[in-house]
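Okay, target13.tsv now, which holds TSV, C-alpha atoms and all ligand atoms:
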```
chain	number	residue	atom	x	y	z
A	1463	MET	CA	-33.87	57.06	-49.13
A	1464	SER	CA	-30.24	56.17	-49.65
A	1465	THR	CA	-27.36	58.28	-50.90
A	1466	ASP	CA	-24.06	57.32	-52.51
A	1467	PHE	CA	-21.18	58.41	-50.28
A	1468	TYR	CA	-17.74	58.26	-51.89
A	1469	TRP	CA	-14.41	58.79	-50.18
A	1470	ARG	CA	-11.46	60.51	-51.85
A	1471	ILE	CA	-8.41	58.35	-52.50
A	1472	GLY	CA	-5.23	60.42	-52.07
A	1473	MET	CA	-3.61	59.90	-55.45
A	1474	GLU	CA	-0.86	62.43	-54.80
A	1475	GLY	CA	0.40	60.93	-51.55
A	1476	ASP	CA	-0.97	61.48	-48.10
A	1477	HIS	CA	0.10	63.28	-44.96
A	1478	ALA	CA	-0.17	62.43	-41.32
A	1479	SER	CA	-2.68	65.18	-40.51
A	1480	LEU	CA	-3.90	68.63	-41.46
A	1481	ARG	CA	-1.31	69.83	-38.96
A	1482	THR	CA	1.52	68.62	-41.18
A	1483	PRO	CA	0.06	69.64	-44.51
A	1484	ARG	CA	3.29	70.34	-46.34
A	1485	ARG	CA	4.93	67.14	-45.22
A	1486	TYR	CA	3.77	64.09	-47.10
A	1487	ASN	CA	4.83	60.96	-45.29
A	1488	ARG	CA	2.90	58.40	-47.32
A	1489	GLY	CA	3.62	57.63	-50.91
A	1490	HIS	CA	4.95	60.99	-51.97
A	1491	ALA	CA	7.95	61.30	-54.24
A	1492	GLY	CA	9.80	63.29	-51.59
A	1493	GLY	CA	12.12	60.42	-50.79
A	1494	HIS	CA	12.40	57.79	-48.15
A	1495	ARG	CA	12.88	59.31	-44.75
A	1496	PRO	CA	12.42	58.30	-41.16
A	1497	GLY	CA	8.73	58.51	-40.35
A	1498	ASN	CA	7.61	57.85	-43.94
A	1499	ILE	CA	5.50	54.88	-44.85
A	1500	ALA	CA	4.56	53.32	-48.17
A	1501	PRO	CA	7.40	52.95	-48.87
A	1502	ALA	CA	9.65	53.33	-45.84
A	1503	ILE	CA	13.24	52.63	-45.01
A	1504	ARG	CA	13.50	50.07	-42.24
A	1505	GLY	CA	16.83	48.84	-41.04
A	1506	GLY	CA	18.45	50.79	-43.85
A	1507	ARG	CA	16.44	49.03	-46.58
A	1508	LEU	CA	13.20	49.72	-48.46
A	1509	ASP	CA	10.49	47.70	-46.78
A	1510	GLY	CA	8.68	46.63	-49.96
A	1511	TYR	CA	5.37	48.22	-48.89
A	1512	SER	CA	4.32	50.43	-51.77
A	1513	TYR	CA	1.89	53.32	-52.02
A	1514	ILE	CA	-0.59	51.12	-53.88
A	1515	ASP	CA	-0.71	49.02	-50.70
A	1516	HIS	CA	-1.59	52.13	-48.73
A	1517	MET	CA	-4.30	53.08	-51.22
A	1518	ALA	CA	-5.65	49.54	-50.97
A	1519	ALA	CA	-5.85	50.04	-47.21
A	1520	VAL	CA	-7.86	53.24	-47.78
A	1521	VAL	CA	-10.20	51.35	-50.13
A	1522	LYS	CA	-10.81	48.67	-47.51
A	1523	ALA	CA	-11.15	51.16	-44.67
A	1524	SER	CA	-13.60	53.39	-46.50
A	1525	GLU	CA	-15.59	50.41	-47.74
A	1526	SER	CA	-15.97	48.99	-44.25
A	1527	ALA	CA	-16.74	52.46	-42.89
A	1528	GLY	CA	-19.78	52.69	-45.18
A	1529	PHE	CA	-18.58	54.37	-48.36
A	1530	VAL	CA	-19.86	53.01	-51.66
A	1531	GLY	CA	-16.69	53.82	-53.56
A	1532	GLY	CA	-13.73	56.12	-53.99
A	1533	LEU	CA	-12.86	59.12	-56.14
A	1534	LEU	CA	-9.48	58.89	-57.86
A	1535	PRO	CA	-8.49	62.46	-58.82
A	1536	SER	CA	-6.17	63.16	-61.74
A	1537	PHE	CA	-3.57	65.92	-61.83
A	1538	PRO	CA	-0.02	66.13	-63.18
A	1539	ILE	CA	1.22	65.28	-59.66
A	1540	THR	CA	-0.95	62.17	-59.18
A	1541	GLU	CA	-0.79	58.50	-59.99
A	1542	ASP	CA	-2.77	57.49	-63.07
A	1543	PRO	CA	-6.37	56.67	-62.03
A	1544	TRP	CA	-7.01	54.02	-64.73
A	1545	ALA	CA	-3.95	51.97	-63.87
A	1546	THR	CA	-4.58	52.47	-60.17
A	1547	THR	CA	-8.19	51.31	-60.53
A	1548	SER	CA	-7.21	48.12	-62.27
A	1549	ALA	CA	-4.72	47.40	-59.50
A	1550	LEU	CA	-7.15	48.23	-56.68
A	1551	ALA	CA	-10.32	46.69	-58.08
A	1552	ARG	CA	-9.33	43.22	-56.88
A	1553	GLU	CA	-9.22	44.48	-53.29
A	1554	SER	CA	-13.02	44.50	-53.10
A	1555	ASP	CA	-15.89	43.10	-55.08
A	1556	THR	CA	-18.39	45.89	-54.43
A	1557	TYR	CA	-16.42	49.13	-54.09
A	1558	ARG	CA	-16.89	51.56	-57.01
A	1559	PHE	CA	-14.00	53.44	-58.60
A	1560	MET	CA	-14.69	56.97	-59.81
A	1561	VAL	CA	-11.94	57.67	-62.32
A	1562	ALA	CA	-11.23	61.36	-63.01
A	1563	PHE	CA	-9.95	62.00	-66.50
A	1564	GLN	CA	-9.78	64.66	-69.17
A	1565	PRO	CA	-11.37	63.45	-72.40
A	1566	GLY	CA	-8.97	65.45	-74.56
A	1567	PHE	CA	-6.00	63.23	-73.89
A	1568	LEU	CA	-7.44	59.87	-74.73
A	1569	HIS	CA	-9.05	58.65	-77.93
A	1570	PRO	CA	-12.69	57.77	-77.19
A	1571	LEU	CA	-12.21	54.28	-78.65
A	1572	GLN	CA	-9.32	53.66	-76.29
A	1573	ALA	CA	-11.42	54.98	-73.40
A	1574	ALA	CA	-14.35	52.78	-74.47
A	1575	ARG	CA	-12.18	49.68	-74.64
A	1576	MET	CA	-10.46	50.32	-71.30
A	1577	SER	CA	-13.79	51.11	-69.65
A	1578	ALA	CA	-15.55	48.04	-71.03
A	1579	SER	CA	-12.65	45.83	-69.95
A	1580	LEU	CA	-12.83	47.34	-66.48
A	1581	GLN	CA	-16.59	46.87	-66.39
A	1582	ARG	CA	-16.14	43.21	-67.29
A	1583	ALA	CA	-13.37	42.75	-64.77
A	1584	THR	CA	-15.15	44.52	-61.92
A	1585	GLY	CA	-18.79	43.65	-62.50
A	1586	GLY	CA	-19.67	47.20	-63.53
A	1587	ARG	CA	-17.96	49.22	-60.80
A	1588	LEU	CA	-16.39	51.96	-62.95
A	1589	VAL	CA	-17.73	55.51	-62.53
A	1590	TYR	CA	-16.55	58.53	-64.54
A	1591	ASN	CA	-15.56	61.91	-63.16
A	1592	ILE	CA	-15.35	63.85	-66.43
A	1593	ILE	CA	-13.04	66.83	-66.01
A	1594	SER	CA	-12.54	69.22	-68.89
A	1595	GLY	CA	-9.58	71.09	-67.48
A	1596	GLY	CA	-8.95	74.38	-65.72
A	1597	GLY	CA	-6.32	75.88	-68.06
A	1598	GLY	CA	-2.90	77.13	-66.99
A	1599	ALA	CA	0.10	74.95	-66.28
A	1600	PRO	CA	-1.80	71.67	-65.76
A	1601	GLN	CA	-3.23	71.97	-69.31
A	1602	LEU	CA	0.15	72.84	-70.80
A	1603	TRP	CA	1.62	69.82	-69.02
A	1604	TRP	CA	-0.45	67.84	-71.53
A	1605	GLY	CA	0.53	70.20	-74.35
A	1606	ASP	CA	-3.13	71.25	-74.47
A	1607	LYS	CA	-3.79	74.74	-75.84
A	1608	VAL	CA	-7.47	74.25	-76.63
A	1609	GLN	CA	-9.42	77.23	-75.26
A	1610	HIS	CA	-11.83	77.00	-72.34
A	1611	ASP	CA	-15.20	76.61	-74.09
A	1612	ASP	CA	-13.73	74.45	-76.83
A	1613	ARG	CA	-12.53	72.02	-74.19
A	1614	TYR	CA	-16.17	71.40	-73.32
A	1615	ALA	CA	-17.01	71.01	-77.05
A	1616	ARG	CA	-14.25	68.39	-77.16
A	1617	THR	CA	-15.61	66.68	-74.04
A	1618	SER	CA	-19.08	66.54	-75.64
A	1619	GLU	CA	-17.73	65.00	-78.84
A	1620	PHE	CA	-15.73	62.52	-76.81
A	1621	LEU	CA	-18.78	61.36	-74.88
A	1622	ASP	CA	-20.87	61.17	-78.08
A	1623	VAL	CA	-18.29	58.86	-79.66
A	1624	LEU	CA	-17.83	56.82	-76.48
A	1625	ARG	CA	-21.57	56.19	-76.27
A	1626	GLY	CA	-21.77	55.71	-80.03
A	1627	VAL	CA	-19.38	52.76	-80.06
A	1628	TRP	CA	-20.41	51.28	-76.71
A	1629	GLU	CA	-23.16	48.88	-77.84
A	1630	GLY	CA	-21.09	47.35	-80.61
A	1631	THR	CA	-22.94	48.71	-83.65
A	1632	PRO	CA	-20.66	50.29	-86.31
A	1633	PHE	CA	-20.52	54.03	-85.73
A	1634	ASP	CA	-19.26	56.84	-87.96
A	1635	TYR	CA	-18.32	60.23	-86.60
A	1636	ASP	CA	-16.72	63.23	-88.23
A	1637	GLY	CA	-16.28	65.95	-85.62
A	1638	ARG	CA	-13.94	68.83	-84.93
A	1639	PHE	CA	-11.83	66.80	-82.52
A	1640	PHE	CA	-12.54	63.14	-83.20
A	1641	GLU	CA	-13.25	60.92	-86.19
A	1642	THR	CA	-14.26	57.30	-86.43
A	1643	ALA	CA	-15.30	55.12	-89.34
A	1644	GLY	CA	-17.28	51.96	-88.68
A	1645	ALA	CA	-15.97	51.88	-85.13
A	1646	ALA	CA	-17.57	49.66	-82.51
A	1647	LEU	CA	-16.57	47.73	-79.44
A	1648	PRO	CA	-16.12	44.04	-80.30
A	1649	PRO	CA	-18.81	41.57	-79.13
A	1650	LEU	CA	-16.54	40.53	-76.25
A	1651	LEU	CA	-16.74	44.02	-74.75
A	1652	ALA	CA	-19.96	45.51	-76.12
A	1653	GLY	CA	-23.04	46.12	-74.03
A	1654	GLN	CA	-21.52	46.41	-70.57
A	1655	PRO	CA	-23.34	48.85	-68.24
A	1656	PHE	CA	-22.26	52.37	-69.22
A	1657	PRO	CA	-20.37	54.00	-66.30
A	1658	GLU	CA	-22.28	56.64	-64.36
A	1659	VAL	CA	-21.13	60.10	-65.44
A	1660	TYR	CA	-20.18	62.72	-62.83
A	1661	PHE	CA	-19.50	66.01	-64.60
A	1662	SER	CA	-17.92	69.13	-63.12
A	1663	GLY	CA	-17.37	72.72	-64.19
A	1664	SER	CA	-19.09	75.97	-63.23
A	1665	SER	CA	-18.88	77.88	-66.52
A	1666	GLY	CA	-21.77	78.27	-68.96
A	1667	ALA	CA	-20.00	75.88	-71.35
A	1668	ALA	CA	-19.68	73.31	-68.56
A	1669	VAL	CA	-23.32	73.60	-67.53
A	1670	ASP	CA	-24.38	73.25	-71.15
A	1671	ALA	CA	-22.29	70.10	-71.69
A	1672	ALA	CA	-23.29	68.71	-68.27
A	1673	GLY	CA	-26.94	69.17	-69.23
A	1674	ARG	CA	-26.47	66.81	-72.14
A	1675	HIS	CA	-24.12	64.23	-70.66
A	1676	SER	CA	-24.18	64.02	-66.88
A	1677	ASP	CA	-25.91	61.64	-64.55
A	1678	TYR	CA	-24.60	63.73	-61.64
A	1679	TYR	CA	-23.63	67.37	-61.85
A	1680	LEU	CA	-20.63	67.59	-59.50
A	1681	SER	CA	-19.56	70.71	-57.63
A	1682	TRP	CA	-17.10	71.71	-55.00
A	1683	LEU	CA	-18.77	72.86	-51.80
A	1684	GLU	CA	-19.85	76.50	-51.83
A	1685	PRO	CA	-21.99	78.57	-49.43
A	1686	PHE	CA	-25.27	76.66	-49.31
A	1687	ASP	CA	-27.46	79.41	-50.82
A	1688	ASP	CA	-25.07	79.80	-53.74
A	1689	LEU	CA	-25.04	76.06	-54.27
A	1690	ARG	CA	-28.83	76.08	-54.37
A	1691	VAL	CA	-28.83	78.79	-57.06
A	1692	LYS	CA	-26.15	76.93	-59.02
A	1693	PHE	CA	-28.17	73.70	-58.96
A	1694	ASP	CA	-31.33	75.57	-60.02
A	1695	GLY	CA	-29.42	76.91	-63.03
A	1696	VAL	CA	-28.16	73.45	-64.00
A	1697	ARG	CA	-31.64	71.99	-63.51
A	1698	ALA	CA	-33.26	74.64	-65.73
A	1699	HIS	CA	-30.60	74.26	-68.40
A	1700	SER	CA	-30.78	70.46	-68.45
A	1701	ALA	CA	-34.57	70.54	-68.72
A	1702	LYS	CA	-34.15	72.17	-72.14
A	1703	SER	CA	-32.64	68.91	-73.38
A	1704	GLY	CA	-35.22	66.88	-71.51
A	1705	ARG	CA	-32.75	65.73	-68.89
A	1706	ALA	CA	-32.75	65.92	-65.09
A	1707	PRO	CA	-29.29	65.30	-63.61
A	1708	LYS	CA	-28.76	64.47	-60.00
A	1709	PHE	CA	-26.35	66.54	-57.89
A	1710	ALA	CA	-23.13	65.70	-56.10
A	1711	VAL	CA	-20.76	67.70	-53.90
A	1712	ARG	CA	-17.14	67.12	-52.97
A	1713	ILE	CA	-16.42	68.17	-49.37
A	1714	ASP	CA	-13.41	68.18	-47.05
A	1715	ILE	CA	-14.35	67.25	-43.51
A	1716	VAL	CA	-12.74	68.03	-40.16
A	1717	ALA	CA	-15.06	66.40	-37.63
A	1718	ARG	CA	-14.21	65.88	-33.97
A	1719	HIS	CA	-16.11	64.97	-30.81
A	1720	THR	CA	-16.56	68.68	-30.04
A	1721	GLU	CA	-16.65	71.77	-32.22
A	1722	GLU	CA	-13.72	73.22	-30.24
A	1723	ALA	CA	-11.59	70.16	-30.97
A	1724	ALA	CA	-12.35	70.47	-34.68
A	1725	TRP	CA	-11.35	74.15	-34.80
A	1726	ALA	CA	-8.23	73.33	-32.78
A	1727	GLU	CA	-7.25	70.99	-35.60
A	1728	ILE	CA	-7.69	73.83	-38.11
A	1729	GLU	CA	-5.73	76.18	-35.87
A	1730	LYS	CA	-2.76	73.83	-35.91
A	1731	GLY	CA	-2.88	73.59	-39.71
A	1732	TRP	CA	-3.21	77.36	-39.88
A	1733	ALA	CA	0.36	77.66	-38.63
A	1734	SER	CA	1.55	76.68	-42.10
A	1735	VAL	CA	-0.92	78.76	-44.13
A	1736	ASP	CA	0.47	79.56	-47.58
A	1737	ARG	CA	-1.52	82.18	-49.43
A	1738	ALA	CA	0.91	82.23	-52.37
A	1739	ALA	CA	0.51	78.49	-52.92
A	1740	ALA	CA	-3.27	78.86	-52.94
A	1741	ASP	CA	-3.02	81.72	-55.47
A	1742	ARG	CA	-0.72	79.67	-57.67
A	1743	ALA	CA	-3.18	76.78	-57.59
A	1744	ALA	CA	-6.01	79.10	-58.66
A	1745	GLN	CA	-4.22	80.26	-61.82
A	1746	GLY	CA	-5.79	79.23	-65.11
A	1747	ASP	CA	-9.21	79.89	-66.62
A	1748	SER	CA	-11.41	77.83	-64.32
A	1749	VAL	CA	-14.65	79.68	-63.67
A	1750	GLY	CA	-15.31	77.42	-60.69
A	1751	ALA	CA	-11.95	78.27	-59.11
A	1752	ALA	CA	-12.51	82.01	-59.70
A	1753	ARG	CA	-15.96	81.70	-58.11
A	1754	ILE	CA	-14.48	80.09	-55.03
A	1755	LYS	CA	-11.68	82.66	-54.79
A	1756	GLY	CA	-14.38	85.34	-54.66
A	1757	TRP	CA	-15.57	84.03	-51.28
A	1758	VAL	CA	-12.10	83.97	-49.67
A	1759	PRO	CA	-11.57	87.35	-47.97
A	1760	GLN	CA	-8.42	89.23	-48.99
A	1761	HIS	CA	-7.85	90.60	-45.51
A	1762	ILE	CA	-7.74	87.81	-42.96
A	1763	THR	CA	-7.16	88.42	-39.28
A	1764	GLY	CA	-7.62	84.81	-38.20
A	1765	PHE	CA	-8.85	81.47	-39.44
A	1766	ARG	CA	-12.42	82.02	-38.18
A	1767	ASP	CA	-12.73	84.92	-40.71
A	1768	LEU	CA	-13.05	82.17	-43.29
A	1769	GLU	CA	-16.14	80.58	-41.72
A	1770	VAL	CA	-18.69	81.85	-44.25
A	1771	GLN	CA	-21.63	80.22	-42.50
A	1772	PRO	CA	-21.74	77.96	-39.44
A	1773	ASN	CA	-19.25	75.09	-39.89
A	1774	VAL	CA	-18.58	76.02	-43.53
A	1775	TRP	CA	-14.92	77.03	-43.82
A	1776	CYS	CA	-13.17	78.23	-46.99
A	1777	GLY	CA	-9.56	78.04	-45.85
A	1778	PHE	CA	-8.58	74.50	-46.87
A	1779	SER	CA	-6.80	75.68	-50.03
A	1780	LEU	CA	-4.62	77.95	-47.87
A	1781	ILE	CA	-3.45	75.00	-45.80
A	1782	ARG	CA	-3.03	72.24	-48.30
A	1783	GLY	CA	-3.97	73.47	-51.80
A	1784	GLY	CA	-7.00	71.99	-53.60
A	1785	PRO	CA	-10.60	73.09	-53.08
A	1786	ALA	CA	-11.21	75.86	-50.55
A	1787	PHE	CA	-14.48	74.82	-48.92
A	1788	GLY	CA	-15.13	72.14	-46.36
A	1789	LEU	CA	-17.01	71.46	-43.14
A	1790	VAL	CA	-15.51	71.90	-39.67
A	1791	GLY	CA	-17.37	70.97	-36.49
A	1792	SER	CA	-18.55	68.34	-34.08
A	1793	TYR	CA	-19.80	65.01	-35.39
A	1794	GLU	CA	-23.38	66.14	-34.81
A	1795	GLN	CA	-22.86	69.47	-36.57
A	1796	ILE	CA	-21.27	67.87	-39.63
A	1797	ALA	CA	-24.12	65.38	-39.88
A	1798	GLU	CA	-26.61	68.28	-39.64
A	1799	ARG	CA	-24.86	70.16	-42.46
A	1800	LEU	CA	-24.86	67.05	-44.64
A	1801	ASP	CA	-28.55	66.64	-43.90
A	1802	GLN	CA	-29.13	70.28	-44.93
A	1803	LEU	CA	-27.30	69.60	-48.18
A	1804	THR	CA	-29.47	66.55	-48.76
A	1805	ASP	CA	-32.54	68.73	-48.27
A	1806	LEU	CA	-31.05	71.21	-50.71
A	1807	GLY	CA	-30.97	68.53	-53.40
A	1808	VAL	CA	-27.60	66.81	-53.07
A	1809	ASP	CA	-27.94	63.19	-54.20
A	1810	ALA	CA	-24.33	62.01	-53.74
A	1811	PHE	CA	-21.34	63.10	-51.66
A	1812	ILE	CA	-17.61	62.76	-52.13
A	1813	LEU	CA	-16.03	63.30	-48.72
A	1814	ALA	CA	-12.34	63.68	-47.90
A	1815	GLY	CA	-10.02	64.08	-44.94
A	1816	ASN	CA	-6.34	63.81	-44.05
A	1817	PRO	CA	-4.97	61.32	-43.36
A	1818	HIS	CA	-7.24	59.49	-45.79
A	1819	LEU	CA	-7.05	56.16	-43.99
A	1820	GLU	CA	-7.84	57.22	-40.42
A	1821	GLU	CA	-10.36	59.88	-41.39
A	1822	ALA	CA	-12.30	57.39	-43.53
A	1823	TYR	CA	-12.91	55.37	-40.36
A	1824	ARG	CA	-13.68	58.45	-38.28
A	1825	VAL	CA	-16.21	59.95	-40.69
A	1826	GLY	CA	-17.76	56.56	-41.39
A	1827	GLU	CA	-18.04	55.61	-37.72
A	1828	GLU	CA	-18.86	58.95	-36.12
A	1829	VAL	CA	-20.69	61.07	-38.71
A	1830	LEU	CA	-22.53	58.88	-41.22
A	1831	PRO	CA	-24.58	57.05	-38.53
A	1832	LEU	CA	-25.92	60.43	-37.31
A	1833	LEU	CA	-27.54	61.36	-40.62
A	1834	GLN	CA	-31.29	61.87	-40.30
A	1835	ARG	CA	-32.32	62.67	-43.86
A	1836	THR	CA	-30.69	59.78	-45.68
A	1837	THR	CA	-28.66	56.62	-45.21
A	1838	PRO	CA	-25.47	55.71	-47.07
A	1839	THR	CA	-26.01	53.19	-49.88
A	1840	ARG	CA	-24.76	49.76	-48.84
A	1841	VAL	CA	-23.92	47.29	-51.54
A	1842	ARG	CA	-22.19	44.58	-49.55
A	1843	THR	CA	-24.59	41.94	-48.28
A	1844	LEU	CA	-24.16	40.93	-44.68
A	1845	SER	CA	-22.25	37.78	-44.02
A	1846	THR	CA	-24.05	35.27	-41.83
A	1847	ARG	CA	-20.79	34.05	-40.41
B	1	LIG	C1	-15.51	68.10	-57.48
B	1	LIG	C2	-14.54	68.44	-58.55
B	1	LIG	C3	-13.47	67.59	-58.80
B	1	LIG	C4	-12.54	67.89	-59.78
B	1	LIG	N1	-11.49	67.05	-59.99
B	1	LIG	C5	-10.55	67.37	-60.90
B	1	LIG	C6	-9.42	66.52	-61.12
B	1	LIG	O1	-9.27	65.46	-60.51
B	1	LIG	N2	-8.50	66.92	-62.03
B	1	LIG	C7	-8.62	68.10	-62.73
B	1	LIG	O2	-7.73	68.40	-63.53
B	1	LIG	N3	-9.70	68.90	-62.55
B	1	LIG	C8	-10.64	68.57	-61.67
B	1	LIG	N4	-11.73	69.40	-61.49
B	1	LIG	C9	-11.83	70.63	-62.32
B	1	LIG	C10	-13.01	70.63	-63.30
B	1	LIG	O3	-13.22	69.48	-63.99
B	1	LIG	C11	-12.94	71.75	-64.33
B	1	LIG	O4	-11.85	71.55	-65.16
B	1	LIG	C12	-12.82	73.05	-63.67
B	1	LIG	O5	-13.82	73.15	-62.68
B	1	LIG	C13	-12.93	74.20	-64.65
B	1	LIG	O6	-14.19	74.27	-65.17
B	1	LIG	P1	-15.02	75.61	-65.23
B	1	LIG	O7	-14.16	76.70	-65.82
B	1	LIG	O8	-16.18	75.26	-66.12
B	1	LIG	O9	-15.45	75.91	-63.82
B	1	LIG	C14	-12.67	69.08	-60.53
B	1	LIG	C15	-13.77	69.93	-60.27
B	1	LIG	C16	-14.69	69.61	-59.31
B	1	LIG	C17	-15.85	70.55	-59.08
```
Produce structure tokens that represent the structure in this file.
Amino acid sequence: MSTDFYWRIGMEGDHASLRTPRRYNRGHAGGHRPGNIAPAIRGGRLDGYSYIDHMAAVVKASESAGFVGGLLPSFPITEDPWATTSALARESDTYRFMVAFQPGFLHPLQAARMSASLQRATGGRLVYNIISGGGGAPQLWWGDKVQHDDRYARTSEFLDVLRGVWEGTPFDYDGRFFETAGAALPPLLAGQPFPEVYFSGSSGAAVDAAGRHSDYYLSWLEPFDDLRVKFDGVRAHSAKSGRAPKFAVRIDIVARHTEEAAWAEIEKGWASVDRAAADRAAQGDSVGAARIKGWVPQHITGFRDLEVQPNVWCGFSLIRGGPAFGLVGSYEQIAERLDQLTDLGVDAFILAGNPHLEEAYRVGEEVLPLLQRTTPTRVRTLSTR
């Protein structure tokens, strides 16, 4: 059995380690300072090395470390994943690009045309991470006031139209959010492989839409038993429409040669814990984010209080924002947990670590070879040279 392992590309900048979580030194808009790279000031002048060069390095590193592709997240603070993908795709001829995007802010015809062009240009390496939005400030940034469940109705319409025009046969659609009349991709673009659909969201509306549209139902990491129940729910719901999605989980990893060394890394990051920042990030109407918040204890006496089961730690959002759950432990322990998740039904993983470049090598070299229950999908054929 083989499993698709993706690596997260840091689209918001990158920092030197979990120990310096609030200090981006790679690619962030915080200015050019001593110690920064991509770009840096050298000899008083910008060195011409841009953040896209750094992301290209992460692509190459994660590809050679055994990852099948990269996730390109999309938030108001990030680079644009479509433009970034078209710039990075030429760095490899096998690496897949999982573009996160919110369907509401793009006409489905435009999305279809961009996607088909990318499929042609990359030999079918585009993957979708369909995000329907978590409300609050990030939605208003787009001027989007559509309510929670309606956002999923919009996502569903969007994907119906996108599929409807994909093969090049004239397609009419008269929905609540989108309309088309005789629309179709032109022969030049029609009939490319349709990108695999990863679909996230924990609400009933999300599970309903995922049941109809997803190839992979994607979740943040949660306590394993809860994840099992969540997947059972998605499975049962999808079966009603005769579908059986696969499952994927996005996981932060702190893996070191010993468990103690891994926790020492967390302890250093813990020095800059920022509960208020984590609370701010959890504002909005995301059911998934509220679910996660429910597992983070209100009263914390130390970072180990947040270890909800062995090696499963829910304090990442307190250190650097973003999802709360990740794995912390020795290389062997992390591999064991990933194996347990495979046994639990996870078909694909999106792993992440800071700094993205170095940790891609570490996880690829030290953890992935220890997996017992699966092997990472390899798409690059071995050179005989
Ligand atoms: C693994 C994963 C990755 C996500 N990536 C993004 C992202 O890049 N940008 C974004 O705005 N939302 C992202 N989301 C948020 C979801 O798409 C969704 O908007 C959110 O979970 C709220 O849905 P819910 O209320 O149904 O839980 C992600 C969610 C998950 C589980």
Open item on the list: List as an NGL selection string the protein and nucleic acid residues lying within 7 Å of ligand LIG 1 (chain B), with all atoms listed in the file counted.
Closed with: :A and (1535-1537 or 1562-1563 or 1592-1596 or 1610 or 1662-1668 or 1680-1682 or 1711-1712 or 1747-1751)
Task: Which residue of A:Arg1470, A:His1494, A:Arg1625, A:His1516 approaches Leu1533 in chain A most closely, using all atoms listed in the file - done: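 Nearest candidate to Leu1533 in chain A out of A:Arg1470, A:His1494, A:Arg1625, A:His1516: A:Arg1470.
In this comparison, which uses all atoms listed in the file, the residue of A:Gly1472, A:Gly1566, A:Lys1755, A:Arg1507 approaching Thr1546 in chain A most closely is A:Gly1472.
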Task: Top pick for closest residue to Glu1727 in chain A, considering A:Leu1480, A:Met1517, A:Met1560, A:Ile1754 and counting only C-alpha atoms - done: A:Leu1480
Task: 10 Å contact set for Glu1821 in chain A, only C-alpha atoms, chain neighbours under 3 positions out, as a list in words - done: Trp1469, Ser1479, Val1520, Ala1523, Ser1524, Ala1527, Ile1715, Val1716, Ala1717, Leu1813, Ala1814, Gly1815, Asn1816, Pro1817, His1818, Arg1824, Val1825, Gly1826 and Glu1827 of chain A
Task: Point-to-point distance from CA of Pro1707 in chain A to CA of Glu1658 in chain A, Å rounded to tenths - done: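 Computing it gives 11.2 Å between the two atoms.
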TODO: Using all atoms listed in the file, pick whichever of A:Ala1738, A:Ile1713, A:Ala1478, A:Leu1647 has the shortest atom-to-atom distance to Phe1633 in chain A.
DONE: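 Selected residue with least distance to Phe1633 in chain A: A:Leu1647.
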Open item on the list: Quick check, in Å to one decimal: how far apart do CA of Tyr1511 in chain A and CA of Ile1499 in chain A lie?
Closed with: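 Interatomic distance here is 7.8 Å.
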- [ ] Point out the residue among A:Arg1690, A:Pro1655, A:Asp1611, A:Gly1764 with the least atom-to-atom distance to Val1669 in chain A, counting all atoms listed in the file.
- [x] A:Asp1611
